[in-house]
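Asks: Handing over my_file_0.cif, mmCIF, C-alpha atoms.
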data_protein
#
loop_
_atom_site.group_PDB
_atom_site.id
_atom_site.type_symbol
_atom_site.label_atom_id
_atom_site.label_comp_id
_atom_site.auth_asym_id
_atom_site.auth_seq_id
_atom_site.Cartn_x
_atom_site.Cartn_y
_atom_site.Cartn_z
ATOM 1 C CA MET A 1 0.000 0.000 0.000
ATOM 2 C CA ASN A 2 2.182 2.787 -1.313
ATOM 3 C CA GLY A 3 0.847 6.292 -1.198
ATOM 4 C CA GLY A 4 3.459 7.517 -3.675
ATOM 5 C CA PRO A 5 5.923 10.340 -2.976
ATOM 6 C CA SER A 6 6.008 11.764 0.516
ATOM 7 C CA GLY A 7 4.444 15.122 1.259
ATOM 8 C CA PHE A 8 1.723 16.738 -0.828
ATOM 9 C CA HIS A 9 3.447 16.251 -4.170
ATOM 10 C CA ASN A 10 0.806 16.276 -6.945
ATOM 11 C CA ALA A 11 -1.921 16.793 -4.312
ATOM 12 C CA PRO A 12 -2.536 20.568 -4.070
ATOM 13 C CA VAL A 13 -6.249 20.254 -3.250
ATOM 14 C CA ALA A 14 -5.581 17.876 -0.351
ATOM 15 C CA ARG A 15 -2.841 20.192 0.897
ATOM 16 C CA ALA A 16 -5.114 23.255 0.843
ATOM 17 C CA PHE A 17 -7.899 21.347 2.590
ATOM 18 C CA VAL A 18 -5.593 20.106 5.358
ATOM 19 C CA LEU A 19 -4.203 23.603 5.909
ATOM 20 C CA ALA A 20 -7.733 25.008 6.112
ATOM 21 C CA CYS A 21 -8.696 22.392 8.713
ATOM 22 C CA VAL A 22 -5.622 23.059 10.855
ATOM 23 C CA LEU A 23 -5.927 26.857 10.698
ATOM 24 C CA LEU A 24 -9.677 27.045 11.353
ATOM 25 C CA THR A 25 -9.450 24.507 14.181
ATOM 26 C CA ALA A 26 -6.707 26.616 15.761
ATOM 27 C CA VAL A 27 -8.678 29.863 15.315
ATOM 28 C CA PHE A 28 -11.915 28.521 16.796
ATOM 29 C CA GLY A 29 -9.991 26.633 19.486
ATOM 30 C CA VAL A 30 -8.201 29.771 20.679
ATOM 31 C CA ARG A 31 -11.500 31.633 20.860
ATOM 32 C CA GLY A 32 -13.110 28.774 22.767
ATOM 33 C CA ARG A 33 -15.759 28.156 20.123
ATOM 34 C CA ALA A 34 -14.644 24.742 18.872
ATOM 35 C CA LEU A 35 -17.087 22.815 21.055
ATOM 36 C CA ARG A 36 -19.981 25.020 19.926
ATOM 37 C CA LEU A 37 -19.510 24.387 16.199
ATOM 38 C CA GLY A 38 -21.532 21.180 16.188
ATOM 39 C CA LEU A 39 -24.730 21.374 14.164
ATOM 40 C CA SER A 40 -28.029 21.315 16.020
ATOM 41 C CA TYR A 41 -31.699 21.408 15.129
ATOM 42 C CA GLN A 42 -32.081 24.756 16.897
ATOM 43 C CA ASP A 43 -29.283 26.459 14.937
ATOM 44 C CA ILE A 44 -29.911 25.073 11.457
ATOM 45 C CA ILE A 45 -33.659 24.486 11.206
ATOM 46 C CA LYS A 46 -35.138 27.100 13.543
ATOM 47 C CA ASN A 47 -32.552 29.898 13.531
ATOM 48 C CA PHE A 48 -31.423 29.191 9.956
ATOM 49 C CA GLN A 49 -27.736 29.811 10.753
ATOM 50 C CA LEU A 50 -26.374 28.217 7.592
ATOM 51 C CA TRP A 51 -22.892 29.648 8.144
ATOM 52 C CA ARG A 52 -22.435 26.980 10.802
ATOM 53 C CA ILE A 53 -22.474 24.334 8.077
ATOM 54 C CA PHE A 54 -19.406 25.892 6.447
ATOM 55 C CA ALA A 55 -17.582 26.289 9.755
ATOM 56 C CA SER A 56 -18.372 22.746 10.878
ATOM 57 C CA VAL A 57 -17.047 21.290 7.604
ATOM 58 C CA PHE A 58 -13.462 22.390 8.324
ATOM 59 C CA ALA A 59 -12.935 22.878 12.070
ATOM 60 C CA PHE A 60 -12.564 19.922 14.432
ATOM 61 C CA SER A 61 -13.843 20.241 17.993
ATOM 62 C CA SER A 62 -10.775 18.801 19.770
ATOM 63 C CA THR A 63 -7.064 18.155 19.296
ATOM 64 C CA PRO A 64 -7.305 14.303 19.187
ATOM 65 C CA GLU A 65 -9.943 14.536 16.456
ATOM 66 C CA LEU A 66 -7.684 16.950 14.569
ATOM 67 C CA LEU A 67 -4.743 14.539 14.808
ATOM 68 C CA PHE A 68 -6.625 11.519 13.509
ATOM 69 C CA GLY A 69 -8.552 13.565 10.949
ATOM 70 C CA VAL A 70 -5.474 15.233 9.460
ATOM 71 C CA TYR A 71 -3.628 11.909 9.432
ATOM 72 C CA LEU A 72 -6.446 10.320 7.400
ATOM 73 C CA LEU A 73 -6.816 13.315 5.085
ATOM 74 C CA TYR A 74 -3.087 13.208 4.431
ATOM 75 C CA TYR A 75 -3.173 9.517 3.618
ATOM 76 C CA PHE A 76 -6.202 9.868 1.331
ATOM 77 C CA ARG A 77 -4.281 12.355 -0.835
ATOM 78 C CA VAL A 78 -3.475 9.253 -2.904
ATOM 79 C CA PHE A 79 -6.927 9.582 -4.502
ATOM 80 C CA GLU A 80 -6.067 13.028 -5.848
ATOM 81 C CA ARG A 81 -3.005 11.521 -7.507
ATOM 82 C CA GLN A 82 -5.140 8.792 -9.036
ATOM 83 C CA MET A 83 -8.073 10.963 -10.176
ATOM 84 C CA GLY A 84 -6.253 14.187 -10.866
ATOM 85 C CA SER A 85 -6.878 17.430 -9.007
ATOM 86 C CA ASN A 86 -9.881 18.367 -11.173
ATOM 87 C CA LYS A 87 -11.911 15.216 -10.527
ATOM 88 C CA TYR A 88 -10.754 15.056 -6.932
ATOM 89 C CA SER A 89 -12.150 18.572 -6.382
ATOM 90 C CA VAL A 90 -15.502 17.320 -7.678
ATOM 91 C CA PHE A 91 -15.256 14.365 -5.306
ATOM 92 C CA VAL A 92 -14.539 16.698 -2.365
ATOM 93 C CA LEU A 93 -17.449 19.008 -3.158
ATOM 94 C CA PHE A 94 -19.839 16.126 -3.787
ATOM 95 C CA SER A 95 -18.870 14.413 -0.530
ATOM 96 C CA LEU A 96 -19.209 17.589 1.554
ATOM 97 C CA ILE A 97 -22.493 18.743 -0.004
ATOM 98 C CA VAL A 98 -24.227 15.354 -0.008
ATOM 99 C CA SER A 99 -23.070 14.422 3.489
ATOM 100 C CA SER A 100 -24.200 17.850 4.779
ATOM 101 C CA LEU A 101 -27.621 17.288 3.222
ATOM 102 C CA PHE A 102 -27.868 13.918 4.948
ATOM 103 C CA GLU A 103 -26.884 15.560 8.230
ATOM 104 C CA ILE A 104 -29.584 18.222 7.863
ATOM 105 C CA ILE A 105 -32.150 15.508 7.128
ATOM 106 C CA ALA A 106 -30.987 13.670 10.248
ATOM 107 C CA LEU A 107 -31.411 16.863 12.287
ATOM 108 C CA MET A 108 -34.963 17.208 11.017
ATOM 109 C CA LEU A 109 -35.690 13.605 11.975
ATOM 110 C CA PHE A 110 -34.205 13.848 15.473
ATOM 111 C CA LYS A 111 -35.627 17.323 16.186
ATOM 112 C CA ASP A 112 -33.469 17.807 19.263
ATOM 113 C CA PRO A 113 -33.742 21.551 20.094
ATOM 114 C CA THR A 114 -30.913 21.670 22.610
ATOM 115 C CA ALA A 115 -28.097 19.185 22.005
ATOM 116 C CA ASN A 116 -25.405 19.525 19.350
ATOM 117 C CA VAL A 117 -26.223 16.256 17.623
ATOM 118 C CA ILE A 118 -23.498 16.405 14.982
ATOM 119 C CA ALA A 119 -19.807 16.903 15.700
ATOM 120 C CA SER A 120 -17.841 19.436 13.678
ATOM 121 C CA GLY A 121 -15.086 18.495 11.250
ATOM 122 C CA PRO A 122 -14.757 17.143 7.683
ATOM 123 C CA TYR A 123 -16.270 13.789 8.609
ATOM 124 C CA GLY A 124 -18.151 13.735 5.311
ATOM 125 C CA LEU A 125 -14.996 13.828 3.184
ATOM 126 C CA ILE A 126 -12.970 11.531 5.439
ATOM 127 C CA PHE A 127 -15.505 8.712 5.628
ATOM 128 C CA SER A 128 -16.554 9.181 2.022
ATOM 129 C CA SER A 129 -12.914 8.443 1.158
ATOM 130 C CA PHE A 130 -13.138 5.118 2.971
ATOM 131 C CA VAL A 131 -15.418 3.806 0.201
ATOM 132 C CA PRO A 132 -12.817 4.032 -2.615
ATOM 133 C CA PHE A 133 -10.205 3.036 -0.053
ATOM 134 C CA TYR A 134 -12.100 -0.222 0.515
ATOM 135 C CA PHE A 135 -12.786 -0.963 -3.160
ATOM 136 C CA ASP A 136 -9.769 0.470 -4.999
ATOM 137 C CA ILE A 137 -6.751 0.149 -2.670
ATOM 138 C CA PRO A 138 -5.452 -3.437 -2.476
ATOM 139 C CA VAL A 139 -3.829 -5.069 0.531
ATOM 140 C CA THR A 140 -0.118 -5.442 -0.186
ATOM 141 C CA SER A 141 1.087 -7.202 2.973
ATOM 142 C CA ARG A 142 -0.371 -9.268 5.803
ATOM 143 C CA PHE A 143 0.873 -10.123 9.295
ATOM 144 C CA ARG A 144 -0.351 -11.752 12.487
ATOM 145 C CA ILE A 145 -0.701 -10.317 16.001
ATOM 146 C CA PHE A 146 -1.757 -12.676 18.809
ATOM 147 C CA GLY A 147 -2.974 -15.151 16.218
ATOM 148 C CA LEU A 148 -5.139 -12.585 14.390
ATOM 149 C CA GLN A 149 -4.394 -11.718 10.785
ATOM 150 C CA PHE A 150 -4.071 -8.067 9.804
ATOM 151 C CA GLY A 151 -3.202 -6.221 6.639
ATOM 152 C CA ASP A 152 -1.398 -2.967 6.002
ATOM 153 C CA LYS A 153 -4.800 -1.283 5.537
ATOM 154 C CA SER A 154 -5.811 -2.246 9.086
ATOM 155 C CA PHE A 155 -4.098 0.772 10.660
ATOM 156 C CA ILE A 156 -6.092 3.157 8.466
ATOM 157 C CA TYR A 157 -9.312 1.391 9.462
ATOM 158 C CA LEU A 158 -8.324 1.620 13.140
ATOM 159 C CA ALA A 159 -7.657 5.347 12.824
ATOM 160 C CA GLY A 160 -11.034 5.772 11.139
ATOM 161 C CA LEU A 161 -12.759 3.761 13.850
ATOM 162 C CA GLN A 162 -11.137 5.905 16.531
ATOM 163 C CA LEU A 163 -12.349 9.069 14.789
ATOM 164 C CA LEU A 164 -15.799 7.615 14.154
ATOM 165 C CA LEU A 165 -16.309 6.831 17.846
ATOM 166 C CA SER A 166 -14.432 9.840 19.241
ATOM 167 C CA SER A 167 -17.649 11.641 20.249
ATOM 168 C CA TRP A 168 -19.960 8.612 20.133
ATOM 169 C CA LYS A 169 -23.312 9.608 18.577
ATOM 170 C CA ARG A 170 -22.128 13.096 17.667
ATOM 171 C CA SER A 171 -19.342 11.708 15.474
ATOM 172 C CA LEU A 172 -21.037 8.448 14.459
ATOM 173 C CA LEU A 173 -23.829 10.240 12.611
ATOM 174 C CA PRO A 174 -21.666 12.432 10.311
ATOM 175 C CA GLY A 175 -19.379 9.456 9.692
ATOM 176 C CA LEU A 176 -22.304 7.376 8.436
ATOM 177 C CA CYS A 177 -23.494 10.294 6.297
ATOM 178 C CA GLY A 178 -20.028 10.480 4.754
ATOM 179 C CA MET A 179 -20.082 6.775 3.962
ATOM 180 C CA LEU A 180 -23.460 7.189 2.238
ATOM 181 C CA ALA A 181 -22.045 10.052 0.163
ATOM 182 C CA GLY A 182 -19.012 7.977 -0.794
ATOM 183 C CA THR A 183 -21.262 5.061 -1.784
ATOM 184 C CA LEU A 184 -23.336 7.315 -4.056
ATOM 185 C CA TYR A 185 -20.152 8.584 -5.696
ATOM 186 C CA HIS A 186 -18.864 5.039 -6.146
ATOM 187 C CA LEU A 187 -22.181 4.046 -7.763
ATOM 188 C CA ASN A 188 -21.749 6.968 -10.185
ATOM 189 C CA VAL A 189 -25.116 8.538 -9.338
ATOM 190 C CA PHE A 190 -26.068 11.190 -11.955
ATOM 191 C CA GLY A 191 -22.793 10.384 -13.738
ATOM 192 C CA ILE A 192 -20.865 12.248 -11.044
ATOM 193 C CA ARG A 193 -17.612 10.397 -11.731
ATOM 194 C CA ARG A 194 -17.438 11.841 -15.258
ATOM 195 C CA ILE A 195 -18.011 15.467 -14.206
ATOM 196 C CA LYS A 196 -15.055 17.868 -14.301
ATOM 197 C CA PHE A 197 -14.632 21.589 -13.764
ATOM 198 C CA PRO A 198 -14.147 23.723 -16.899
ATOM 199 C CA ASN A 199 -10.531 24.293 -17.890
ATOM 200 C CA ALA A 200 -10.697 28.016 -17.113
ATOM 201 C CA VAL A 201 -11.890 27.343 -13.568
ATOM 202 C CA ALA A 202 -9.323 24.575 -13.128
ATOM 203 C CA ARG A 203 -6.469 26.870 -14.231
ATOM 204 C CA HIS A 204 -7.606 29.625 -11.852
ATOM 205 C CA PHE A 205 -7.727 27.330 -8.841
ATOM 206 C CA SER A 206 -4.478 25.624 -9.814
ATOM 207 C CA ARG A 207 -2.699 28.979 -9.489
ATOM 208 C CA PHE A 208 -4.380 29.552 -6.114
ATOM 209 C CA PHE A 209 -3.350 26.111 -4.792
ATOM 210 C CA ALA A 210 0.180 26.587 -6.099
ATOM 211 C CA SER A 211 0.521 29.925 -4.274
ATOM 212 C CA SER A 212 -0.884 28.473 -1.049
ATOM 213 C CA GLY A 213 1.548 25.594 -1.297
ATOM 214 C CA ALA A 214 4.481 27.966 -1.744
ATOM 215 C CA SER A 215 3.495 29.989 1.338
ATOM 216 C CA SER A 216 2.973 26.859 3.444
ATOM 217 C CA SER A 217 6.458 25.539 2.646
ATOM 218 C CA ARG A 218 8.069 27.984 5.085
ATOM 219 C CA THR A 219 9.518 26.296 8.128
ATOM 220 C CA SER A 220 7.787 26.699 11.485
ATOM 221 C CA PRO A 221 7.746 24.605 14.671
ATOM 222 C CA ASN A 222 4.227 23.334 14.071
ATOM 223 C CA GLY A 223 5.050 22.723 10.404
ATOM 224 C CA ILE A 224 8.012 20.566 11.408
ATOM 225 C CA ILE A 225 5.767 18.584 13.765
ATOM 226 C CA LEU A 226 3.211 17.965 11.022
ATOM 227 C CA GLN A 227 5.913 16.995 8.530
ATOM 228 C CA GLU A 228 7.358 14.420 10.923
ATOM 229 C CA ILE A 229 3.910 12.944 11.557
ATOM 230 C CA PHE A 230 3.044 12.900 7.859
ATOM 231 C CA LEU A 231 6.258 11.084 6.925
ATOM 232 C CA LEU A 232 5.435 8.226 9.280
ATOM 233 C CA SER A 233 4.281 5.055 7.572
ATOM 234 C CA PRO A 234 0.737 3.792 8.250
ATOM 235 C CA ALA A 235 2.254 0.885 10.182
ATOM 236 C CA VAL A 236 3.408 3.199 12.968
ATOM 237 C CA LYS A 237 1.279 2.875 16.088
ATOM 238 C CA LEU A 238 -1.092 5.758 16.631
ATOM 239 C CA SER A 239 0.146 6.103 20.203
ATOM 240 C CA GLU A 240 3.618 6.814 18.806
ATOM 241 C CA ILE A 241 2.171 9.552 16.595
ATOM 242 C CA ILE A 242 0.542 11.259 19.585
ATOM 243 C CA HIS A 243 3.721 10.819 21.646
ATOM 244 C CA LEU A 244 5.829 12.384 18.875
ATOM 245 C CA TRP A 245 3.396 15.307 18.670
ATOM 246 C CA HIS A 246 3.599 15.956 22.409
ATOM 247 C CA VAL A 247 7.413 15.680 22.512
ATOM 248 C CA ARG A 248 7.964 18.005 19.560
ATOM 249 C CA LEU A 249 5.375 20.467 20.852
ATOM 250 C CA LEU A 250 7.035 20.516 24.280
ATOM 251 C CA GLN A 251 10.437 21.085 22.678
ATOM 252 C CA SER A 252 9.114 24.009 20.635
ATOM 253 C CA HIS A 253 7.505 25.573 23.738
ATOM 254 C CA LEU A 254 10.717 25.198 25.763
ATOM 255 C CA SER A 255 12.701 26.777 22.936
ATOM 256 C CA LEU A 256 10.259 29.698 22.855
ATOM 257 C CA LEU A 257 10.464 30.174 26.634
ATOM 258 C CA SER A 258 14.264 30.109 26.580
ATOM 259 C CA LEU A 259 14.302 32.675 23.770
ATOM 260 C CA CYS A 260 11.955 34.998 25.695
ATOM 261 C CA TRP A 261 14.105 34.679 28.838
ATOM 262 C CA TYR A 262 17.253 35.462 26.859
ATOM 263 C CA ARG A 263 15.697 38.620 25.403
ATOM 264 C CA TRP A 264 14.519 39.769 28.863
ATOM 265 C CA ASP A 265 17.962 39.141 30.318
ATOM 266 C CA LEU A 266 19.643 41.053 27.495
ATOM 267 C CA ILE A 267 17.342 44.085 27.916
ATOM 268 C CA ALA A 268 17.857 44.106 31.678
ATOM 269 C CA THR A 269 21.626 43.964 31.199
ATOM 270 C CA LEU A 270 21.634 46.864 28.746
ATOM 271 C CA ARG A 271 19.590 48.964 31.154
ATOM 272 C CA GLY A 272 21.870 48.105 34.049
ATOM 273 C CA ARG A 273 19.046 46.734 36.173
ATOM 274 C CA HIS A 274 20.487 43.414 37.270
ATOM 275 C CA SER A 275 18.688 43.699 40.576
ATOM 276 C CA CYS A 276 15.344 43.127 38.824
ATOM 277 C CA LYS A 277 16.162 39.529 38.086
ATOM 278 C CA PRO A 278 14.416 36.836 40.106
ATOM 279 C CA GLU A 279 16.453 35.308 42.854
ATOM 280 C CA MET A 280 16.427 31.902 41.144
ATOM 281 C CA THR A 281 18.537 33.264 38.282
ATOM 282 C CA SER A 282 21.569 34.029 40.405
ATOM 283 C CA THR A 283 24.894 32.787 39.050
ATOM 284 C CA TRP A 284 25.768 29.189 39.673
ATOM 285 C CA PRO A 285 28.651 28.471 42.074
ATOM 286 C CA GLN A 286 31.919 27.962 40.333
ATOM 287 C CA THR A 287 32.873 24.314 40.531
ATOM 288 C CA SER A 288 36.295 23.057 39.512
ATOM 289 C CA PHE A 289 36.735 19.582 38.126
#
Now, as a test, write the supplied structure out as C-alpha cells.
Replies:
Amino acid sequence: MNGGPSGFHNAPVARAFVLACVLLTAVFGVRGRALRLGLSYQDIIKNFQLWRIFASVFAFSSTPELLFGVYLLYYFRVFERQMGSNKYSVFVLFSLIVSSLFEIIALMLFKDPTANVIASGPYGLIFSSFVPFYFDIPVTSRFRIFGLQFGDKSFIYLAGLQLLLSSWKRSLLPGLCGMLAGTLYHLNVFGIRRIKFPNAVARHFSRFFASSGASSSRTSPNGIILQEIFLLSPAVKLSEIIHLWHVRLLQSHLSLLSLCWYRWDLIATLRGRHSCKPEMTSTWPQTSF
C-alpha cells in the first residue's frame, strides 16, 4: 500500500484542505468556540444559521480529532493523484455537499432543540474516502498479532474507527453520512464520476493552490511537527504519533520560553538593572573539576 511520494506532491487540493482544517481549528480553538460548532436542530432548522455548516465542515472540535482527521486526510491524498486534481475537487465538493444534506435531514428527523447532535469536522470527506479506499486500494502485505491476521490497511481502518467513535453519537452520525455520500459517488449517481470543472476554472484554482503551497512551505515549529507525523508510515502505532506530537510540541515551547528569557535578560543587562532579576537566576557556584 504505497501512497506515492512523501508530502503533498501532486496533491494541491488535499494540501489546501488540510491547511484550512488546521488553521480554522486553531482559530476557533483559541476563541473557545470549537465545542460550539456542532450542528443542532435549533441552529440550522429554527434559527437558519447556515454559516455553521461551512464552519463545521473544516474545524474539528478537539485536538485528538484533529490529529486523527489530518492523518487520514493526508493519507487519502493518494486519490487526488489517481483521479487528478480536477476530478478530486468534484469528489470533495460532492462528498461535503451530499453528506451535509444527509446531516440536515438527520437533524430534522431527530428534532433535538438543545443538544449539538453532529460533531464538527470534515467527517463527510474523510468517511466518504473510505469507500474508494475499501474498493480500490489493495492489501499489499499481511501479518499476524496474537494469532489474528491483519493487513497494512488495518491501521487506516483503526484510525477511522477511533475518529468515528471519538464523540460517540455526535461523530457516528456524520461518519455514516459520509459513507453514504461515498457510496453514491462510487455508484456513479447522476454520472458524477465523469463530471469535471471547466478548464478556465481549473487553471484559476491551480494557481491559487500553487501559491498556497508555496506559502505553506516555510519552516515553522508546528510545520516541522506535522511533517514528521506525515512522513510516518501507516504501520506506525497511533500512540507513537501522539507521543511524537507531544514531545515536539514541548520542545518548541521550551525553545520559545528560553528565547523569551534570553531577550529579557539582554534588555535588563543593557539597562543596568540586574537587581530586577528573580532570585532563582543568580549565578551558579563555580565548581572546579
Asks: Find, counting all atoms listed in the file, the residue in A:Gly175, A:Pro198, A:Gly29, A:Pro12 that gets nearest to Ile118 of chain A.
Replies: A:Gly175
Asks: Running the PyMOL selection byres ((chain A and resi 78) around 10) on this model by hand, what would come out? Give it as an MDAnalysis selection string.
Replies: chainID A and resid 2:5 8:11 14 73:77 79:84 133 137
Asks: Hey, can you spit out that residue selection with C-alpha atoms as an mmCIF file, in the frame of the given file?
Replies:
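The file below, out06.cif, is the result:
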data_model
loop_
_atom_site.group_PDB
_atom_site.id
_atom_site.type_symbol
_atom_site.label_atom_id
_atom_site.label_comp_id
_atom_site.auth_asym_id
_atom_site.auth_seq_id
_atom_site.Cartn_x
_atom_site.Cartn_y
_atom_site.Cartn_z
ATOM 1 C CA ASN A 2 2.182 2.787 -1.313
ATOM 2 C CA GLY A 3 0.847 6.292 -1.198
ATOM 3 C CA GLY A 4 3.459 7.517 -3.675
ATOM 4 C CA PRO A 5 5.923 10.340 -2.976
ATOM 5 C CA PHE A 8 1.723 16.738 -0.828
ATOM 6 C CA HIS A 9 3.447 16.251 -4.170
ATOM 7 C CA ASN A 10 0.806 16.276 -6.945
ATOM 8 C CA ALA A 11 -1.921 16.793 -4.312
ATOM 9 C CA ALA A 14 -5.581 17.876 -0.351
ATOM 10 C CA LEU A 73 -6.816 13.315 5.085
ATOM 11 C CA TYR A 74 -3.087 13.208 4.431
ATOM 12 C CA TYR A 75 -3.173 9.517 3.618
ATOM 13 C CA PHE A 76 -6.202 9.868 1.331
ATOM 14 C CA ARG A 77 -4.281 12.355 -0.835
ATOM 15 C CA PHE A 79 -6.927 9.582 -4.502
ATOM 16 C CA GLU A 80 -6.067 13.028 -5.848
ATOM 17 C CA ARG A 81 -3.005 11.521 -7.507
ATOM 18 C CA GLN A 82 -5.140 8.792 -9.036
ATOM 19 C CA MET A 83 -8.073 10.963 -10.176
ATOM 20 C CA GLY A 84 -6.253 14.187 -10.866
ATOM 21 C CA PHE A 133 -10.205 3.036 -0.053
ATOM 22 C CA ILE A 137 -6.751 0.149 -2.670
#
Asks: For the provided coordinates, the residues matched by the PyMOL selection byres ((chain A and resi 41-50) around 12) should be stated as an MDAnalysis selection string.
Replies: chainID A and resid 36:40 51:57 100:101 103:118
Asks: Got a sec to resolve the PyMOL selection byres ((chain A and resi 95) around 12) on this structure and send the residues as number ranges by chain?
Replies: A: 57, 88-94, 96-103, 122-131, 174-186, 192-193
Asks: Could you take the residues named above and write them with C-alpha atoms, as a compact mmCIF listing (two decimals), in the frame of the given file?
Replies:
# COMPACT_ATOMS: atom_id res chain seq x y z
CA VAL A 57 -17.05 21.29 7.60
CA TYR A 88 -10.75 15.06 -6.93
CA SER A 89 -12.15 18.57 -6.38
CA VAL A 90 -15.50 17.32 -7.68
CA PHE A 91 -15.26 14.36 -5.31
CA VAL A 92 -14.54 16.70 -2.37
CA LEU A 93 -17.45 19.01 -3.16
CA PHE A 94 -19.84 16.13 -3.79
CA LEU A 96 -19.21 17.59 1.55
CA ILE A 97 -22.49 18.74 0.00
CA VAL A 98 -24.23 15.35 -0.01
CA SER A 99 -23.07 14.42 3.49
CA SER A 100 -24.20 17.85 4.78
CA LEU A 101 -27.62 17.29 3.22
CA PHE A 102 -27.87 13.92 4.95
CA GLU A 103 -26.88 15.56 8.23
CA PRO A 122 -14.76 17.14 7.68
CA TYR A 123 -16.27 13.79 8.61
CA GLY A 124 -18.15 13.74 5.31
CA LEU A 125 -15.00 13.83 3.18
CA ILE A 126 -12.97 11.53 5.44
CA PHE A 127 -15.50 8.71 5.63
CA SER A 128 -16.55 9.18 2.02
CA SER A 129 -12.91 8.44 1.16
CA PHE A 130 -13.14 5.12 2.97
CA VAL A 131 -15.42 3.81 0.20
CA PRO A 174 -21.67 12.43 10.31
CA GLY A 175 -19.38 9.46 9.69
CA LEU A 176 -22.30 7.38 8.44
CA CYS A 177 -23.49 10.29 6.30
CA GLY A 178 -20.03 10.48 4.75
CA MET A 179 -20.08 6.78 3.96
CA LEU A 180 -23.46 7.19 2.24
CA ALA A 181 -22.04 10.05 0.16
CA GLY A 182 -19.01 7.98 -0.79
CA THR A 183 -21.26 5.06 -1.78
CA LEU A 184 -23.34 7.32 -4.06
CA TYR A 185 -20.15 8.58 -5.70
CA HIS A 186 -18.86 5.04 -6.15
CA ILE A 192 -20.86 12.25 -11.04
CA ARG A 193 -17.61 10.40 -11.73
Asks: Pick from A:Phe68, A:Phe60, A:Phe28, A:Phe143: nearest to Leu161 of chain A, with all atoms listed in the file counted?
Replies: A:Phe68
Asks: Model the absent atoms of segment 185-196 of chain A so that N, CA, C and O atoms are present, and write the result as a PDB file, in the frame of the given file.
Replies:
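Now in part.pdb:
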ATOM      1  N   TYR A 185     -21.182   8.235  -4.720  1.00  0.00           N
ATOM      2  CA  TYR A 185     -20.152   8.584  -5.696  1.00  0.00           C
ATOM      3  C   TYR A 185     -19.601   7.331  -6.370  1.00  0.00           C
ATOM      4  O   TYR A 185     -19.377   7.315  -7.581  1.00  0.00           O
ATOM      5  N   HIS A 186     -19.389   6.282  -5.584  1.00  0.00           N
ATOM      6  CA  HIS A 186     -18.864   5.039  -6.146  1.00  0.00           C
ATOM      7  C   HIS A 186     -19.856   4.413  -7.132  1.00  0.00           C
ATOM      8  O   HIS A 186     -19.440   3.810  -8.136  1.00  0.00           O
ATOM      9  N   LEU A 187     -21.151   4.567  -6.869  1.00  0.00           N
ATOM     10  CA  LEU A 187     -22.181   4.046  -7.763  1.00  0.00           C
ATOM     11  C   LEU A 187     -22.412   4.946  -8.973  1.00  0.00           C
ATOM     12  O   LEU A 187     -23.260   4.628  -9.818  1.00  0.00           O
ATOM     13  N   ASN A 188     -21.687   6.046  -9.045  1.00  0.00           N
ATOM     14  CA  ASN A 188     -21.749   6.968 -10.185  1.00  0.00           C
ATOM     15  C   ASN A 188     -23.170   7.513 -10.380  1.00  0.00           C
ATOM     16  O   ASN A 188     -23.707   7.538 -11.504  1.00  0.00           O
ATOM     17  N   VAL A 189     -23.778   7.954  -9.270  1.00  0.00           N
ATOM     18  CA  VAL A 189     -25.116   8.538  -9.338  1.00  0.00           C
ATOM     19  C   VAL A 189     -25.057   9.843 -10.135  1.00  0.00           C
ATOM     20  O   VAL A 189     -24.183  10.682  -9.930  1.00  0.00           O
ATOM     21  N   PHE A 190     -25.999  10.017 -11.080  1.00  0.00           N
ATOM     22  CA  PHE A 190     -26.068  11.190 -11.955  1.00  0.00           C
ATOM     23  C   PHE A 190     -24.793  11.366 -12.792  1.00  0.00           C
ATOM     24  O   PHE A 190     -24.495  12.476 -13.254  1.00  0.00           O
ATOM     25  N   GLY A 191     -24.024  10.291 -12.964  1.00  0.00           N
ATOM     26  CA  GLY A 191     -22.793  10.384 -13.738  1.00  0.00           C
ATOM     27  C   GLY A 191     -21.752  11.275 -13.104  1.00  0.00           C
ATOM     28  O   GLY A 191     -20.939  11.905 -13.792  1.00  0.00           O
ATOM     29  N   ILE A 192     -21.728  11.323 -11.766  1.00  0.00           N
ATOM     30  CA  ILE A 192     -20.865  12.248 -11.044  1.00  0.00           C
ATOM     31  C   ILE A 192     -19.385  11.965 -11.291  1.00  0.00           C
ATOM     32  O   ILE A 192     -18.551  12.888 -11.279  1.00  0.00           O
ATOM     33  N   ARG A 193     -19.027  10.732 -11.567  1.00  0.00           N
ATOM     34  CA  ARG A 193     -17.612  10.397 -11.731  1.00  0.00           C
ATOM     35  C   ARG A 193     -17.052  10.886 -13.059  1.00  0.00           C
ATOM     36  O   ARG A 193     -15.836  10.861 -13.267  1.00  0.00           O
ATOM     37  N   ARG A 194     -17.905  11.312 -13.975  1.00  0.00           N
ATOM     38  CA  ARG A 194     -17.438  11.841 -15.258  1.00  0.00           C
ATOM     39  C   ARG A 194     -17.408  13.370 -15.277  1.00  0.00           C
ATOM     40  O   ARG A 194     -16.931  13.961 -16.251  1.00  0.00           O
ATOM     41  N   ILE A 195     -17.931  14.004 -14.233  1.00  0.00           N
ATOM     42  CA  ILE A 195     -18.011  15.467 -14.206  1.00  0.00           C
ATOM     43  C   ILE A 195     -16.650  16.058 -13.854  1.00  0.00           C
ATOM     44  O   ILE A 195     -15.948  15.571 -12.962  1.00  0.00           O
ATOM     45  N   LYS A 196     -16.287  17.129 -14.565  1.00  0.00           N
ATOM     46  CA  LYS A 196     -15.055  17.868 -14.301  1.00  0.00           C
ATOM     47  C   LYS A 196     -15.345  19.361 -14.368  1.00  0.00           C
ATOM     48  O   LYS A 196     -16.289  19.800 -15.024  1.00  0.00           O
TER      49      LYS A 196
END
